[in-house]
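K.L.:
Have a look at this one.
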Protein chains: 2
Amino acid sequence: MPSPSQSIAIEFDKIRAAHEQIRAHIHRTPVLTSERLNGASVASLFFKCENFQKIGAFKARGATNAVFSLDEAIAQRGVATHSSGNHGAALARAAKLHGIPAHIVMPSNSAKVKVRAVESYGAHIVFCEPTEQAREATCAEVIKKTGATLIHSFENEDVIAGQGTAAVELLEDVPDLDVVMCPVGGGGLLSGTAVAAKSMRPRIKVIAVEPANADDAAQSFRAGRRIVTEKKFTIADGLRTNVGERTFPIIQHNVDDIVTVSEEAIVSAMRTIWETMKIVIEPSAAVPYAASVENKIALEGKRVGIILTGGNVDLDTLPWLRMR
Amino acid sequence: MPSPSQSIAIEFDKIRAAHEQIRAHIHRTPVLTSERLNGASVASLFFKCENFQKIGAFKARGATNAVFSLDEAIAQRGVATHSSGNHGAALARAAKLHGIPAHIVMPSNSAKVKVRAVESYGAHIVFCEPTEQAREATCAEVIKKTGATLIHSFENEDVIAGQGTAAVELLEDVPDLDVVMCPVGGGGLLSGTAVAAKSMRPRIKVIAVEPANADDAAQSFRAGRRIVTEKKFTIADGLRTNVGERTFPIIQHNVDDIVTVSEEAIVSAMRTIWETMKIVIEPSAAVPYAASVENKIALEGKRVGIILTGGNVDLDTLPWLRMR
């Protein structure tokens, strides 16, 4: 359990409350198994399919919980965030559900499909230079001008609590898991997952997986302090973010290990899941399965839950075609 | 209902019996809906996901039923078929389950992924020239030499009964459908689907959809007699076969309409389903949804079941990339 000294100590009660709050607005996604993948693995794998979630990713959970947790007067002034990916669409959708304005700051080089997704929920898009600095500055400006509330994609207690609800459902469906695995970028999903899983099943192991090209969380975990790194390219673009100041202490206290995988392993794992399970997942979602294939963790005979985080891919540029 | 004068009059009891016989060996596949696709449609759509079926296609149903329906002495001599696609894998798997040999005649230009699938079930593969004549001649030879029983992919009562079980499950899950749609190639799935659907819900409409480039079934249906055509290329390669001598009378008696769709519509429908539903389906499986998008049938306000027939695609050559 998170110690009381942390800047955000997520209690499991908050995750339970988040689940009640968002239940009507999200899908209870299925947990799928594959005889073929189990045959090829030393473990039994249970895939929590957040690619089937609203907006195509788990981010719908956290954003919805954050919007619905705002005081009504504050909510009416709107919400804002900067995101090139799924959180932007998730926040836009949550704001629409709640009938409030959303301002989404997006880098000018964002994939068209992501821009269209945000637009489809009627959000106000503000484009900026594709740097972290420009994103933050533009977002601050928008907030100053509109009075909107920043809903950060992971440095936010309500977002973290919302993301934790995926693990709640996974463990409700498969209570006797030995291990739960998820990817780590900013750490919102991982924090929520770890608190939920350890609360529901104290002896469960929580393993996070990260692209080797963006391994700040693994480095930080080993060093015992948050290390910010310059990221190389990774196909798992959702995981390029550095782990958060607020999420890292929760991760330190609740996660058992963080391992890394190569780009090749991510692409291969993604393709295997498409081919075998007949489902579309995005590269970031393939990262934990890649670790299981590469035997990065001792999983022999274990029952392993894997959160497939999302399914939003550009079908024009599949990574196994791009890599040639 | 099929009239007693037909060469194969499939009774619904045969389909029910098939379901009992194969139940333990197949998946009960889910029926999925999509708020987004419903929002874009005049109808409510219910997708029966046979892409999640064993071997990745509904063909597992018919082949399993055929193998398990054989007299034991005959079964022991093995089974044979010619197939470049899913039926070969389905028969190989069914034979393996039953512990008997399978001989699969495949054209020498078959996709490697299909060959590997058949091999993975331990079947004996015999390659032949890629013509219908060579396939049939080679298969006859294999049968003469081995004493194996031919299990045709659609001109077989047990196969048809097995394929009909997908519609049984669909109507068990969604009893109040107004329309059921499936693609038509040889007509095995369509025959079984039509008999099952009309038996369970007599006022349901059964609509078949065919690529315009392979429209022999539509032509035959209009003419009232079986017309065999030379096929042009269609991306929906599973549907190039001419409708069968035995399946056509069942179709004539039980199907309400057969409509056609363009290649562009098939590719676009396939991509929309991947993108929106996050599932992998093969081109043939996209054909009925393409007809609904193109308003080829009056579906306004209707509850429409669509059988997504399979999910076996070559991920190296996606049709929307190929068409450029």
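Labels used: A, B, ... for chains in the order of the structure tokens, numbers from 1 for residues in each chain, and numbers from 1 for ligands as shown.
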Do a neighbour search on Gly188 in chain A at 8 Å with only C-alpha atoms, toss out local chain neighbours closer than 6 positions, and write the hits as a list in words.

P.N.:
Ser153, Phe154, Glu155, Val159, Ile160, Gln163 and Thr247 of chain A

K.L.:
Just to be explicit: take each residue in the selection above, keep N, CA, C and O atoms, and write the result as a PDB file, in the first residue's frame.

P.N.:
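Full text of again-v6.pdb as output:
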ATOM      1  N   SER A 153      -2.740  13.801 -18.040  1.00  0.00           N
ATOM      2  CA  SER A 153      -3.018  12.420 -18.441  1.00  0.00           C
ATOM      3  C   SER A 153      -2.554  11.376 -17.415  1.00  0.00           C
ATOM      4  O   SER A 153      -2.981  10.237 -17.475  1.00  0.00           O
ATOM      5  N   PHE A 154      -1.700  11.756 -16.488  1.00  0.00           N
ATOM      6  CA  PHE A 154      -1.340  10.791 -15.426  1.00  0.00           C
ATOM      7  C   PHE A 154      -1.038  11.428 -14.074  1.00  0.00           C
ATOM      8  O   PHE A 154      -1.208  10.790 -13.049  1.00  0.00           O
ATOM      9  N   GLU A 155      -0.659  12.701 -14.034  1.00  0.00           N
ATOM     10  CA  GLU A 155      -0.338  13.332 -12.747  1.00  0.00           C
ATOM     11  C   GLU A 155      -1.610  13.857 -12.095  1.00  0.00           C
ATOM     12  O   GLU A 155      -1.727  15.041 -11.761  1.00  0.00           O
ATOM     13  N   VAL A 159      -7.552  10.568 -12.329  1.00  0.00           N
ATOM     14  CA  VAL A 159      -7.175   9.820 -13.537  1.00  0.00           C
ATOM     15  C   VAL A 159      -6.585   8.465 -13.136  1.00  0.00           C
ATOM     16  O   VAL A 159      -6.975   7.416 -13.662  1.00  0.00           O
ATOM     17  N   ILE A 160      -5.660   8.485 -12.198  1.00  0.00           N
ATOM     18  CA  ILE A 160      -5.022   7.238 -11.746  1.00  0.00           C
ATOM     19  C   ILE A 160      -6.070   6.263 -11.211  1.00  0.00           C
ATOM     20  O   ILE A 160      -6.061   5.074 -11.540  1.00  0.00           O
ATOM     21  N   GLN A 163      -7.945   4.708 -14.060  1.00  0.00           N
ATOM     22  CA  GLN A 163      -7.170   3.692 -14.800  1.00  0.00           C
ATOM     23  C   GLN A 163      -7.113   2.378 -14.015  1.00  0.00           C
ATOM     24  O   GLN A 163      -7.066   1.294 -14.610  1.00  0.00           O
ATOM     25  N   THR A 247       3.345   9.786  -9.894  1.00  0.00           N
ATOM     26  CA  THR A 247       3.093   8.350 -10.043  1.00  0.00           C
ATOM     27  C   THR A 247       4.284   7.519  -9.568  1.00  0.00           C
ATOM     28  O   THR A 247       4.096   6.396  -9.088  1.00  0.00           O
TER      29      THR A 247
END

K.L.:
Please identify every residue of chain A that has at least one atom no farther than 9 Å from an atom of chain B, counting only C-alpha atoms, and for each give the shortest atom pair and the distance in Å to one decimal, arranged by chain then increasing number, as JSON lines.

P.N.:
{"residue": "A:Asn51", "atom": "CA", "partner": "B:Lys278", "partner_atom": "CA", "distance": 6.7}
{"residue": "A:Phe52", "atom": "CA", "partner": "B:Lys278", "partner_atom": "CA", "distance": 6.6}
{"residue": "A:Gly56", "atom": "CA", "partner": "B:Lys278", "partner_atom": "CA", "distance": 7.8}
{"residue": "A:Arg271", "atom": "CA", "partner": "B:Leu315", "partner_atom": "CA", "distance": 8.0}
{"residue": "A:Trp274", "atom": "CA", "partner": "B:Val280", "partner_atom": "CA", "distance": 6.9}
{"residue": "A:Glu275", "atom": "CA", "partner": "B:Asn312", "partner_atom": "CA", "distance": 7.5}
{"residue": "A:Thr276", "atom": "CA", "partner": "B:Gly56", "partner_atom": "CA", "distance": 8.2}
{"residue": "A:Met277", "atom": "CA", "partner": "B:Phe52", "partner_atom": "CA", "distance": 7.0}
{"residue": "A:Lys278", "atom": "CA", "partner": "B:Val280", "partner_atom": "CA", "distance": 4.7}
{"residue": "A:Ile279", "atom": "CA", "partner": "B:Ile279", "partner_atom": "CA", "distance": 4.2}
{"residue": "A:Val280", "atom": "CA", "partner": "B:Lys278", "partner_atom": "CA", "distance": 4.7}
{"residue": "A:Ile281", "atom": "CA", "partner": "B:Lys278", "partner_atom": "CA", "distance": 7.2}
{"residue": "A:Gly311", "atom": "CA", "partner": "B:Lys278", "partner_atom": "CA", "distance": 6.1}
{"residue": "A:Asn312", "atom": "CA", "partner": "B:Glu275", "partner_atom": "CA", "distance": 7.5}
{"residue": "A:Val313", "atom": "CA", "partner": "B:Glu275", "partner_atom": "CA", "distance": 7.8}
{"residue": "A:Asp314", "atom": "CA", "partner": "B:Glu275", "partner_atom": "CA", "distance": 8.6}
{"residue": "A:Leu315", "atom": "CA", "partner": "B:Glu275", "partner_atom": "CA", "distance": 7.6}
{"residue": "A:Asp316", "atom": "CA", "partner": "B:Leu321", "partner_atom": "CA", "distance": 6.7}
{"residue": "A:Thr317", "atom": "CA", "partner": "B:Leu321", "partner_atom": "CA", "distance": 8.8}
{"residue": "A:Leu318", "atom": "CA", "partner": "B:Leu315", "partner_atom": "CA", "distance": 9.0}
{"residue": "A:Trp320", "atom": "CA", "partner": "B:Asp316", "partner_atom": "CA", "distance": 7.8}
{"residue": "A:Leu321", "atom": "CA", "partner": "B:Asp316", "partner_atom": "CA", "distance": 6.7}

K.L.:
Compare A:Val195, A:Leu37, A:Ile258, A:Leu171 by their minimum atom-to-atom distance to Gln219 in chain A, counting only C-alpha atoms, and give me the closest one.

P.N.:
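Closest to Gln219 in chain A, using only C-alpha atoms: A:Ile258.
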
K.L.:
DSSP on the backbone, strand (DSSP E or B) only: what residues of range 52-170 of chain A does that give? Format it as a list in words.

P.N.:
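Output for range 52-170 of chain A, strand (DSSP E or B) only: Ala57, Val79, Ala80, Thr81, His82, Ala102, His103, Ile104, Val105, Met106, Pro107, His124, Ile125, Val126, Phe127, Cys128, Thr149 and Leu150 of chain A.
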
K.L.:
Set the distance at 12 Å and use only C-alpha atoms: which residues neighbour Thr146 in chain A once local chain neighbours fewer than 4 positions away are removed? I'd like the list as a compact mmCIF listing (two decimals) with C-alpha atoms, in the first residue's frame.

P.N.:
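Output file out.txt is given in full below:
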# COMPACT_ATOMS: atom_id res chain seq x y z
CA ILE A 74 -15.54 24.27 -11.81
CA ALA A 75 -16.59 21.68 -14.36
CA GLN A 76 -18.72 24.25 -16.17
CA ARG A 77 -15.61 26.29 -17.00
CA GLY A 78 -14.38 23.31 -18.99
CA VAL A 79 -11.35 21.05 -18.99
CA ALA A 80 -8.06 21.16 -20.85
CA PRO A 101 -16.17 22.37 -23.05
CA ALA A 102 -12.87 20.58 -23.64
CA HIS A 103 -9.70 22.22 -24.95
CA HIS A 124 -11.77 22.62 -29.20
CA CYS A 139 -1.98 24.44 -22.45
CA ALA A 140 -1.21 26.93 -19.64
CA GLU A 141 -2.24 29.76 -21.96
CA VAL A 142 -5.52 28.08 -22.84
CA LEU A 150 -6.15 20.94 -16.38

K.L.:
Using only C-alpha atoms, determine which residues lie at most 12 Å from Gly122 in chain A, disregarding the query and same-chain residues fewer than 6 positions distant; provide the list as a VMD selection string.

P.N.:
chain A and resid 88 to 97 99 to 104 115 to 116

K.L.:
How would the residues just chosen look if you wrote them out with N, CA, C and O atoms as a compact mmCIF listing (two decimals), in the first residue's frame?

P.N.:
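File produced: selection14.txt:
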# COMPACT_ATOMS: atom_id res chain seq x y z
N GLY A 88 -6.32 12.65 -25.05
CA GLY A 88 -7.04 13.78 -25.64
C GLY A 88 -8.44 13.37 -26.07
O GLY A 88 -9.43 14.05 -25.77
N ALA A 89 -8.53 12.25 -26.77
CA ALA A 89 -9.84 11.76 -27.21
C ALA A 89 -10.70 11.38 -26.01
O ALA A 89 -11.91 11.65 -25.97
N ALA A 90 -10.07 10.77 -25.01
CA ALA A 90 -10.80 10.34 -23.82
C ALA A 90 -11.38 11.55 -23.07
O ALA A 90 -12.53 11.53 -22.62
N LEU A 91 -10.57 12.60 -22.95
CA LEU A 91 -11.04 13.79 -22.24
C LEU A 91 -12.13 14.50 -23.04
O LEU A 91 -13.13 14.97 -22.47
N ALA A 92 -11.94 14.55 -24.35
CA ALA A 92 -12.96 15.17 -25.21
C ALA A 92 -14.30 14.45 -25.05
O ALA A 92 -15.35 15.07 -24.92
N ARG A 93 -14.23 13.12 -25.04
CA ARG A 93 -15.46 12.34 -24.91
C ARG A 93 -16.10 12.55 -23.52
O ARG A 93 -17.32 12.74 -23.41
N ALA A 94 -15.28 12.51 -22.49
CA ALA A 94 -15.80 12.67 -21.13
C ALA A 94 -16.47 14.03 -20.97
O ALA A 94 -17.54 14.16 -20.36
N ALA A 95 -15.84 15.08 -21.53
CA ALA A 95 -16.40 16.43 -21.45
C ALA A 95 -17.74 16.49 -22.18
O ALA A 95 -18.70 17.09 -21.69
N LYS A 96 -17.79 15.85 -23.33
CA LYS A 96 -19.04 15.83 -24.09
C LYS A 96 -20.15 15.14 -23.30
O LYS A 96 -21.29 15.62 -23.24
N LEU A 97 -19.79 14.02 -22.68
CA LEU A 97 -20.76 13.29 -21.87
C LEU A 97 -21.31 14.16 -20.75
O LEU A 97 -22.47 14.09 -20.38
N GLY A 99 -21.30 17.44 -20.80
CA GLY A 99 -21.85 18.69 -21.32
C GLY A 99 -21.02 19.91 -21.02
O GLY A 99 -21.55 21.01 -20.81
N ILE A 100 -19.71 19.75 -20.98
CA ILE A 100 -18.82 20.88 -20.71
C ILE A 100 -17.79 21.01 -21.84
O ILE A 100 -17.54 20.05 -22.56
N PRO A 101 -17.17 22.21 -21.98
CA PRO A 101 -16.17 22.37 -23.05
C PRO A 101 -14.86 21.64 -22.72
O PRO A 101 -14.50 21.52 -21.55
N ALA A 102 -14.20 21.17 -23.78
CA ALA A 102 -12.87 20.58 -23.64
C ALA A 102 -11.92 21.26 -24.61
O ALA A 102 -12.27 21.49 -25.76
N HIS A 103 -10.74 21.62 -24.13
CA HIS A 103 -9.70 22.22 -24.95
C HIS A 103 -8.53 21.25 -25.00
O HIS A 103 -7.94 20.95 -23.96
N ILE A 104 -8.22 20.76 -26.18
CA ILE A 104 -7.16 19.76 -26.30
C ILE A 104 -6.01 20.37 -27.11
O ILE A 104 -6.17 20.72 -28.27
N VAL A 115 -6.40 13.34 -34.50
CA VAL A 115 -7.06 14.66 -34.55
C VAL A 115 -8.55 14.47 -34.84
O VAL A 115 -9.41 15.06 -34.18
N ARG A 116 -8.85 13.61 -35.80
CA ARG A 116 -10.26 13.35 -36.15
C ARG A 116 -11.03 12.80 -34.95
O ARG A 116 -12.18 13.14 -34.73

K.L.:
Can you pull out the residues contacting Pro288 in chain B? Cut-off 10 Å, using only C-alpha atoms, and skip same-chain residues under 6 positions away; I want them as a ChimeraX atom specification.

P.N.:
/B:180-184,207-211,259-261,266,269,294,296,305-309

K.L.:
Can I get the selection written as a PDB file, in the first residue's frame, with C-alpha atoms?

P.N.:
ATOM      1  CA  VAL B 180     -29.594 -12.179 -41.130  1.00  0.00           C
ATOM      2  CA  MET B 181     -26.833 -11.584 -43.673  1.00  0.00           C
ATOM      3  CA  CYS B 182     -23.904 -13.689 -44.780  1.00  0.00           C
ATOM      4  CA  PRO B 183     -21.640 -13.929 -47.802  1.00  0.00           C
ATOM      5  CA  VAL B 184     -22.085 -16.623 -50.444  1.00  0.00           C
ATOM      6  CA  ILE B 207     -29.966 -11.908 -47.403  1.00  0.00           C
ATOM      7  CA  ALA B 208     -26.807 -13.176 -49.063  1.00  0.00           C
ATOM      8  CA  VAL B 209     -24.095 -10.881 -50.390  1.00  0.00           C
ATOM      9  CA  GLU B 210     -21.581 -11.609 -53.123  1.00  0.00           C
ATOM     10  CA  PRO B 211     -18.735  -9.665 -54.741  1.00  0.00           C
ATOM     11  CA  VAL B 259     -27.115  -8.681 -53.668  1.00  0.00           C
ATOM     12  CA  THR B 260     -23.646  -7.745 -54.888  1.00  0.00           C
ATOM     13  CA  VAL B 261     -20.975  -5.264 -53.811  1.00  0.00           C
ATOM     14  CA  ILE B 266     -15.456  -4.599 -49.644  1.00  0.00           C
ATOM     15  CA  ALA B 269     -15.945  -2.101 -45.165  1.00  0.00           C
ATOM     16  CA  GLU B 294     -23.923   0.801 -49.737  1.00  0.00           C
ATOM     17  CA  LYS B 296     -28.040  -2.422 -51.185  1.00  0.00           C
ATOM     18  CA  GLY B 305     -27.360 -10.086 -37.751  1.00  0.00           C
ATOM     19  CA  ILE B 306     -24.175 -10.288 -39.796  1.00  0.00           C
ATOM     20  CA  ILE B 307     -21.955 -13.349 -39.804  1.00  0.00           C
ATOM     21  CA  LEU B 308     -18.310 -12.248 -39.836  1.00  0.00           C
ATOM     22  CA  THR B 309     -17.035 -15.402 -41.454  1.00  0.00           C
TER      23      THR B 309
END

K.L.:
As an exercise, work out the distance from CA of Ser83 in chain A to CA of Thr29 in chain A in Å and give it to one decimal place.

P.N.:
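Distance between the two atoms: 23.9 Å.
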
K.L.:
Separation of CA of Ser120 in chain A and CA of Ala286 in chain A, in Å?

P.N.:
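Computing the Euclidean distance for CA of Ser120 in chain A and CA of Ala286 in chain A yields 26.7 Å.
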
K.L.:
So, counting only C-alpha atoms, which residue among B:Pro202, B:Gly62, B:Gly185, B:Pro283 is closest to Val243 in chain B?

P.N.:
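With only C-alpha atoms as the atom set, the closest residue is B:Gly185.
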
K.L.:
Of the candidates A:Arg61, A:Lys144, A:Lys14, A:Lys232, which one gets nearest to Ser199 in chain A if we count only C-alpha atoms?

P.N.:
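Ranking A:Arg61, A:Lys144, A:Lys14, A:Lys232 by distance to Ser199 in chain A, first place goes to A:Lys14.
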
K.L.:
So how far away is CA of Asp158 in chain A from CA of Phe221 in chain A, in Å?

P.N.:
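Between CA of Phe221 in chain A and CA of Asp158 in chain A the gap works out to 23.5 Å.
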
K.L.:
So which one's closest to Arg28 in chain A, A:Val42, A:Leu70, A:Ala166, A:Ile15? Using only C-alpha atoms, please.

P.N.:
A:Ala166

K.L.:
Got a sec: who's within 10 Å of Arg222 in chain B, counting only C-alpha atoms, leaving out chain neighbours fewer than 5 positions off, as number ranges by chain?

P.N.:
B: 216-217, 227, 252, 257-258

K.L.:
Find the residues around Ala196 in chain A up to 6 Å (only C-alpha atoms counted), leave out those fewer than 3 positions away in its own chain, and share them as a count of residues only.

P.N.:
4
